[in-house]
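Colleague: Would you mind keeping the following structure in view while I ask a few things?
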Amino acid sequence: RGTAGEAARLARVLQEKGHLTSVDIPGYQQTAPAKRLVAFTGNSDGSPAASWCPDCNRAMPVILESAASLDLPLLVVGVGERDDWKLDARGSENPLRAKDGLALTGVPTLLLIGDGGAELARLGPELEDEQDVAAMRATIDAKVRAALP
């Protein structure tokens, strides 16, 4: 658990089911609203297997595992390279940080989106701060299940 190899394996499982899409910021801005999980990670292409962000590298295999077990499509969005995201560089200009948009404050962030496109649940600091992957998985599954109708 928590390795790039595990993330790649789980990504293939979701891809075979047609439940995984990886996009960059413009790709995310063009996606139609649909019931799904949306994971924001530290890279420019939305790859679930590689990130400059150590918290993302730890969380992504768990997110992929949860998406597969909950049978929910997963959209992985790359927030950009480190300097495109971090506030000590160009991060304040990142459209995903905009207060009138998603107002993301960190990565990884996981959203549960409902059928009409409304945000039903959000996990951010819980994923960044949790070191225990089993506890992270329990948190994700509980929050998603509680938010689903």
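Starting from 1 in every chain, residues are counted up; chains themselves are A, B, ... following the order of the structure tokens, and ligands are numbered from 1 as listed.
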Just list the residues in stretch 45-82 of chain A DSSP gives helix (DSSP H, G or I) on the backbone, as a list in words.

Modeller: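 These are the residues in question: Pro54, Asp55, Cys56, Asn57, Arg58, Ala59, Met60, Pro61, Val62, Ile63, Leu64, Glu65, Ser66, Ala67, Ala68, Ser69, Leu70 and Arg82 of chain A.
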
Colleague: Identify, on the basis of only C-alpha atoms, every residue whose closest approach to A:Ile140 does not exceed 12 Å; exclude the query and any residue fewer than 5 positions from it along the same chain; express the result as a tab-separated table (two decimals) with all heavy atoms, in the first residue's frame.

Modeller:
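Below you can see around-v1.tsv, which holds the result:
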```
chain	number	residue	atom	x	y	z
A	37	LEU	N	-16.24	10.37	-7.77
A	37	LEU	CA	-15.21	10.91	-6.90
A	37	LEU	C	-14.26	11.72	-7.76
A	37	LEU	O	-13.98	11.34	-8.90
A	37	LEU	CB	-14.44	9.78	-6.21
A	37	LEU	CG	-15.21	8.96	-5.18
A	37	LEU	CD1	-14.39	7.75	-4.75
A	37	LEU	CD2	-15.58	9.80	-3.98
A	39	ALA	N	-10.44	13.36	-7.38
A	39	ALA	CA	-9.22	13.48	-6.57
A	39	ALA	C	-8.28	14.48	-7.23
A	39	ALA	O	-8.00	14.39	-8.41
A	39	ALA	CB	-8.53	12.12	-6.46
A	59	ALA	N	-1.70	8.85	-0.40
A	59	ALA	CA	-3.16	8.78	-0.42
A	59	ALA	C	-3.73	8.16	-1.69
A	59	ALA	O	-4.79	7.52	-1.65
A	59	ALA	CB	-3.76	10.17	-0.23
A	60	MET	N	-3.08	8.33	-2.83
A	60	MET	CA	-3.69	7.92	-4.10
A	60	MET	C	-4.02	6.43	-4.17
A	60	MET	O	-5.11	6.07	-4.62
A	60	MET	CB	-2.86	8.39	-5.28
A	60	MET	CG	-3.60	8.31	-6.60
A	60	MET	SD	-5.22	9.17	-6.66
A	60	MET	CE	-4.71	10.84	-6.42
A	62	VAL	N	-4.91	4.55	-1.80
A	62	VAL	CA	-6.08	4.38	-0.92
A	62	VAL	C	-7.33	4.92	-1.60
A	62	VAL	O	-8.40	4.30	-1.55
A	62	VAL	CB	-5.83	5.08	0.44
A	62	VAL	CG1	-7.01	4.90	1.37
A	62	VAL	CG2	-4.56	4.57	1.08
A	63	ILE	N	-7.21	6.06	-2.26
A	63	ILE	CA	-8.34	6.64	-2.99
A	63	ILE	C	-8.78	5.71	-4.12
A	63	ILE	O	-9.97	5.46	-4.31
A	63	ILE	CB	-7.98	8.05	-3.53
A	63	ILE	CG1	-7.82	9.03	-2.37
A	63	ILE	CG2	-9.02	8.54	-4.53
A	63	ILE	CD1	-7.19	10.36	-2.74
A	64	LEU	N	-7.82	5.18	-4.86
A	64	LEU	CA	-8.14	4.24	-5.94
A	64	LEU	C	-8.83	3.00	-5.40
A	64	LEU	O	-9.82	2.52	-5.97
A	64	LEU	CB	-6.87	3.85	-6.69
A	64	LEU	CG	-6.21	4.95	-7.53
A	64	LEU	CD1	-4.76	4.61	-7.80
A	64	LEU	CD2	-6.98	5.16	-8.81
A	65	GLU	N	-8.34	2.49	-4.30
A	65	GLU	CA	-8.93	1.31	-3.66
A	65	GLU	C	-10.36	1.60	-3.22
A	65	GLU	O	-11.27	0.78	-3.42
A	65	GLU	CB	-8.05	0.94	-2.46
A	65	GLU	CG	-8.32	-0.39	-1.86
A	65	GLU	CD	-7.30	-0.67	-0.75
A	65	GLU	OE1	-7.45	-0.12	0.36
A	65	GLU	OE2	-6.34	-1.41	-1.02
A	66	SER	N	-10.59	2.75	-2.63
A	66	SER	CA	-11.94	3.14	-2.20
A	66	SER	C	-12.88	3.29	-3.39
A	66	SER	O	-14.02	2.82	-3.34
A	66	SER	CB	-11.91	4.44	-1.39
A	66	SER	OG	-11.33	4.23	-0.13
A	67	ALA	N	-12.41	3.93	-4.44
A	67	ALA	CA	-13.25	4.11	-5.64
A	67	ALA	C	-13.66	2.76	-6.19
A	67	ALA	O	-14.82	2.56	-6.57
A	67	ALA	CB	-12.51	4.93	-6.69
A	69	SER	N	-13.84	-0.18	-4.57
A	69	SER	CA	-14.73	-0.91	-3.67
A	69	SER	C	-16.11	-0.26	-3.58
A	69	SER	O	-17.11	-0.95	-3.38
A	69	SER	CB	-14.12	-1.06	-2.28
A	69	SER	OG	-14.14	0.16	-1.58
A	70	LEU	N	-16.18	1.06	-3.72
A	70	LEU	CA	-17.46	1.76	-3.68
A	70	LEU	C	-18.15	1.76	-5.05
A	70	LEU	O	-19.27	2.23	-5.17
A	70	LEU	CB	-17.25	3.21	-3.21
A	70	LEU	CG	-16.77	3.38	-1.77
A	70	LEU	CD1	-16.25	4.79	-1.54
A	70	LEU	CD2	-17.87	3.02	-0.79
A	109	THR	N	-6.87	16.36	-2.29
A	109	THR	CA	-8.24	16.66	-1.89
A	109	THR	C	-9.14	15.71	-2.66
A	109	THR	O	-8.91	15.48	-3.85
A	109	THR	CB	-8.62	18.13	-2.19
A	109	THR	OG1	-7.82	19.00	-1.40
A	109	THR	CG2	-10.09	18.40	-1.89
A	110	LEU	N	-10.14	15.18	-1.98
A	110	LEU	CA	-11.09	14.26	-2.60
A	110	LEU	C	-12.48	14.82	-2.44
A	110	LEU	O	-12.90	15.18	-1.34
A	110	LEU	CB	-11.00	12.88	-1.93
A	110	LEU	CG	-11.93	11.80	-2.48
A	110	LEU	CD1	-11.55	11.43	-3.91
A	110	LEU	CD2	-11.88	10.56	-1.58
A	111	LEU	N	-13.21	14.92	-3.56
A	111	LEU	CA	-14.60	15.37	-3.55
A	111	LEU	C	-15.51	14.23	-3.97
A	111	LEU	O	-15.15	13.43	-4.85
A	111	LEU	CB	-14.81	16.53	-4.54
A	111	LEU	CG	-13.92	17.75	-4.44
A	111	LEU	CD1	-14.31	18.76	-5.52
A	111	LEU	CD2	-14.00	18.38	-3.06
A	112	LEU	N	-16.69	14.18	-3.38
A	112	LEU	CA	-17.76	13.33	-3.86
A	112	LEU	C	-18.75	14.27	-4.54
A	112	LEU	O	-19.25	15.20	-3.91
A	112	LEU	CB	-18.45	12.56	-2.72
A	112	LEU	CG	-19.72	11.80	-3.12
A	112	LEU	CD1	-19.43	10.72	-4.17
A	112	LEU	CD2	-20.39	11.21	-1.88
A	121	ALA	N	-19.47	15.81	-0.50
A	121	ALA	CA	-18.50	15.60	0.58
A	121	ALA	C	-17.12	16.04	0.11
A	121	ALA	O	-16.84	16.02	-1.09
A	121	ALA	CB	-18.46	14.12	0.99
A	122	ARG	N	-16.28	16.43	1.08
A	122	ARG	CA	-14.91	16.87	0.78
A	122	ARG	C	-13.98	16.38	1.87
A	122	ARG	O	-14.27	16.52	3.05
A	122	ARG	CB	-14.86	18.40	0.70
A	122	ARG	CG	-13.47	18.95	0.42
A	122	ARG	CD	-13.44	20.48	0.42
A	122	ARG	NE	-14.13	21.02	-0.74
A	122	ARG	CZ	-13.68	22.03	-1.47
A	122	ARG	NH1	-12.53	22.61	-1.19
A	122	ARG	NH2	-14.37	22.46	-2.50
A	123	LEU	N	-12.87	15.81	1.44
A	123	LEU	CA	-11.79	15.42	2.35
A	123	LEU	C	-10.51	16.08	1.86
A	123	LEU	O	-10.16	15.94	0.69
A	123	LEU	CB	-11.60	13.90	2.34
A	123	LEU	CG	-12.70	13.08	2.98
A	123	LEU	CD1	-12.63	11.64	2.50
A	123	LEU	CD2	-12.59	13.14	4.48
A	124	GLY	N	-9.86	16.81	2.71
A	124	GLY	CA	-8.60	17.45	2.35
A	124	GLY	C	-7.56	17.23	3.41
A	124	GLY	O	-6.71	16.34	3.30
A	125	PRO	N	-7.61	18.03	4.50
A	125	PRO	CA	-6.62	17.87	5.56
A	125	PRO	C	-6.60	16.46	6.15
A	125	PRO	O	-5.55	15.97	6.56
A	125	PRO	CB	-7.06	18.90	6.61
A	125	PRO	CG	-7.81	19.92	5.84
A	125	PRO	CD	-8.48	19.18	4.71
A	126	GLU	N	-7.77	15.79	6.14
A	126	GLU	CA	-7.83	14.42	6.66
A	126	GLU	C	-6.91	13.49	5.86
A	126	GLU	O	-6.35	12.55	6.42
A	126	GLU	CB	-9.27	13.86	6.58
A	126	GLU	CG	-10.31	14.69	7.28
A	126	GLU	CD	-10.98	15.75	6.40
A	126	GLU	OE1	-10.36	16.21	5.43
A	126	GLU	OE2	-12.13	16.11	6.71
A	127	LEU	N	-6.78	13.76	4.57
A	127	LEU	CA	-5.91	12.94	3.72
A	127	LEU	C	-4.45	13.37	3.85
A	127	LEU	O	-3.54	12.53	3.82
A	127	LEU	CB	-6.34	13.02	2.26
A	127	LEU	CG	-7.78	12.59	1.96
A	127	LEU	CD1	-8.07	12.77	0.49
A	127	LEU	CD2	-8.03	11.17	2.41
A	130	GLU	N	-3.22	12.21	7.66
A	130	GLU	CA	-3.30	10.82	8.12
A	130	GLU	C	-2.14	10.00	7.57
A	130	GLU	O	-1.96	9.88	6.37
A	130	GLU	CB	-4.63	10.20	7.68
A	130	GLU	CG	-4.85	8.79	8.19
A	130	GLU	CD	-4.79	8.70	9.69
A	130	GLU	OE1	-5.70	9.25	10.35
A	130	GLU	OE2	-3.83	8.07	10.20
A	133	VAL	N	-2.65	4.29	6.52
A	133	VAL	CA	-3.48	4.12	5.32
A	133	VAL	C	-4.79	3.38	5.62
A	133	VAL	O	-5.80	3.64	4.97
A	133	VAL	CB	-2.71	3.44	4.16
A	133	VAL	CG1	-1.60	4.34	3.66
A	133	VAL	CG2	-2.18	2.08	4.55
A	134	ALA	N	-4.81	2.51	6.62
A	134	ALA	CA	-6.05	1.83	6.98
A	134	ALA	C	-7.05	2.83	7.57
A	134	ALA	O	-8.25	2.80	7.24
A	134	ALA	CB	-5.78	0.70	7.96
A	135	ALA	N	-6.57	3.72	8.40
A	135	ALA	CA	-7.43	4.76	8.97
A	135	ALA	C	-7.92	5.71	7.87
A	135	ALA	O	-9.07	6.15	7.87
A	135	ALA	CB	-6.70	5.53	10.06
A	145	ARG	N	-19.91	7.08	2.07
A	145	ARG	CA	-21.16	6.35	2.33
A	145	ARG	C	-22.19	7.23	3.05
A	145	ARG	O	-23.38	7.15	2.75
A	145	ARG	CB	-20.88	5.08	3.12
A	145	ARG	CG	-20.27	4.00	2.28
A	145	ARG	CD	-20.25	2.66	3.01
A	145	ARG	NE	-19.76	1.63	2.11
A	145	ARG	CZ	-18.56	1.08	2.19
A	145	ARG	NH1	-17.73	1.45	3.15
A	145	ARG	NH2	-18.18	0.16	1.34
A	146	ALA	N	-21.74	8.04	3.99
A	146	ALA	CA	-22.66	8.92	4.73
A	146	ALA	C	-23.27	9.98	3.82
A	146	ALA	O	-24.40	10.41	4.04
A	146	ALA	CB	-21.92	9.59	5.89
A	147	ALA	N	-22.55	10.39	2.78
A	147	ALA	CA	-23.03	11.46	1.90
A	147	ALA	C	-23.89	10.96	0.75
A	147	ALA	O	-24.61	11.73	0.13
A	147	ALA	CB	-21.84	12.24	1.35
```

Colleague: Kindly indicate which residue among A:Pro149, A:Gly18, A:Pro61, A:Gly80 lies nearest to A:Val107, using only C-alpha atoms for the distances.

Modeller: A:Gly80

Colleague: Can you tell me which residues surround A:Asn43 at a distance of at most 12 Å, considering only C-alpha atoms, apart from same-chain residues fewer than 2 positions away, and format the answer as a compact mmCIF listing (two decimals) with N, CA and C atoms, in the first residue's frame?

Modeller:
```txt
# COMPACT_ATOMS: atom_id res chain seq x y z
N SER A 22 -8.14 10.69 -16.15
CA SER A 22 -7.10 11.59 -15.66
C SER A 22 -7.08 12.83 -16.55
N VAL A 23 -7.09 14.01 -15.91
CA VAL A 23 -7.13 15.26 -16.67
C VAL A 23 -6.26 16.32 -16.00
N ASP A 24 -5.97 17.36 -16.78
CA ASP A 24 -5.31 18.54 -16.26
C ASP A 24 -6.39 19.56 -15.88
N ILE A 25 -5.99 20.77 -15.49
CA ILE A 25 -6.97 21.77 -15.06
C ILE A 25 -7.96 22.12 -16.18
N ALA A 39 -10.44 13.36 -7.38
CA ALA A 39 -9.22 13.48 -6.57
C ALA A 39 -8.28 14.48 -7.23
N PHE A 40 -7.81 15.44 -6.45
CA PHE A 40 -6.85 16.43 -6.92
C PHE A 40 -5.48 16.04 -6.40
N THR A 41 -4.52 15.96 -7.33
CA THR A 41 -3.18 15.48 -6.98
C THR A 41 -2.11 16.41 -7.53
N ASP A 45 -0.80 16.24 -15.14
CA ASP A 45 -1.64 15.47 -16.07
C ASP A 45 -2.71 14.61 -15.40
N GLY A 46 -2.79 14.61 -14.08
CA GLY A 46 -3.79 13.81 -13.39
C GLY A 46 -3.42 12.35 -13.24
N SER A 47 -2.17 12.01 -13.45
CA SER A 47 -1.75 10.63 -13.28
C SER A 47 -1.95 10.21 -11.83
N PRO A 48 -2.61 9.07 -11.60
CA PRO A 48 -2.77 8.61 -10.22
C PRO A 48 -1.52 7.94 -9.67
N ALA A 49 -0.51 7.73 -10.51
CA ALA A 49 0.65 6.95 -10.09
C ALA A 49 1.91 7.78 -9.82
N ALA A 50 1.92 9.07 -10.13
CA ALA A 50 3.13 9.86 -9.95
C ALA A 50 2.78 11.28 -9.53
N SER A 51 3.45 11.77 -8.50
CA SER A 51 3.18 13.11 -7.99
C SER A 51 4.43 13.68 -7.33
N TRP A 52 4.57 15.00 -7.37
CA TRP A 52 5.63 15.66 -6.64
C TRP A 52 5.26 15.76 -5.15
N CYS A 53 4.02 15.45 -4.82
CA CYS A 53 3.47 15.61 -3.47
C CYS A 53 3.53 14.30 -2.70
N PRO A 54 4.31 14.22 -1.61
CA PRO A 54 4.40 12.97 -0.86
C PRO A 54 3.07 12.54 -0.24
N CYS A 56 0.15 13.01 -1.57
CA CYS A 56 -0.61 12.44 -2.69
C CYS A 56 -0.14 11.03 -2.99
N ASN A 57 1.16 10.82 -2.97
CA ASN A 57 1.71 9.48 -3.23
C ASN A 57 1.23 8.48 -2.19
N VAL A 76 -9.27 11.93 -11.76
CA VAL A 76 -8.06 12.42 -11.09
C VAL A 76 -7.59 13.67 -11.84
N VAL A 77 -7.47 14.76 -11.09
CA VAL A 77 -7.13 16.06 -11.68
C VAL A 77 -5.75 16.49 -11.19
N GLY A 78 -4.86 16.75 -12.11
CA GLY A 78 -3.55 17.30 -11.77
C GLY A 78 -3.65 18.80 -11.57
N VAL A 79 -3.19 19.30 -10.40
CA VAL A 79 -3.28 20.73 -10.10
C VAL A 79 -2.14 21.53 -10.70
N GLY A 80 -1.17 20.83 -11.31
CA GLY A 80 -0.02 21.50 -11.90
C GLY A 80 1.25 21.05 -11.23
N GLU A 81 2.35 21.56 -11.72
CA GLU A 81 3.64 21.26 -11.12
C GLU A 81 3.74 22.01 -9.78
N ARG A 82 4.74 21.67 -9.00
CA ARG A 82 4.86 22.22 -7.66
C ARG A 82 4.76 23.75 -7.65
N ASP A 83 5.48 24.42 -8.51
CA ASP A 83 5.46 25.89 -8.54
C ASP A 83 4.12 26.45 -8.99
N ASP A 84 3.31 25.64 -9.70
CA ASP A 84 1.97 26.07 -10.11
C ASP A 84 0.98 25.98 -8.96
N TRP A 85 1.35 25.25 -7.91
CA TRP A 85 0.44 25.00 -6.80
C TRP A 85 0.86 25.70 -5.51
N LYS A 86 2.13 25.65 -5.18
CA LYS A 86 2.61 26.16 -3.90
C LYS A 86 2.51 27.69 -3.84
N VAL A 107 -3.40 19.55 -1.44
CA VAL A 107 -3.54 18.27 -2.14
C VAL A 107 -2.89 17.21 -1.27
N PRO A 108 -3.44 16.03 -1.24
CA PRO A 108 -4.61 15.60 -2.01
C PRO A 108 -5.91 16.16 -1.42
```

Colleague: Would you mind telling me which residue in A:Glu93, A:Leu75, A:Asp132, A:Ala98 lies nearest to A:Gln15 when using only C-alpha atoms?

Modeller: A:Leu75

Colleague: Nearest residue to A:Lys17 out of A:Arg58, A:Thr3, A:Pro33, A:Ala68, using only C-alpha atoms?

Modeller: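 Between A:Arg58, A:Thr3, A:Pro33, A:Ala68, the residue approaching A:Lys17 most closely is A:Ala68.
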
Colleague: Between A:Gly114, A:Gly27, A:Gly101, A:Gly5, which is the closest to A:Leu72 once you count only C-alpha atoms?

Modeller: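 With only C-alpha atoms as the atom set, the closest residue is A:Gly114.
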
Colleague: Could you pull out all residues of stretch 76-118 of chain A with a DSSP call of strand (DSSP E) and give them as a ChimeraX atom specification?

Modeller: /A:76-78,109-113

Colleague: Which one of A:Met136, A:Glu128, A:Lys99, A:Glu119 sits closest to A:Leu148 if you count only C-alpha atoms?

Modeller: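 Checking each of A:Met136, A:Glu128, A:Lys99, A:Glu119 against A:Leu148, counting only C-alpha atoms, the winner is A:Glu119.
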
Colleague: Any idea what the distance is between atom CA of A:Asp115 and atom CA of A:Arg9?

Modeller: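 Distance between the two atoms: 27.9 Å.
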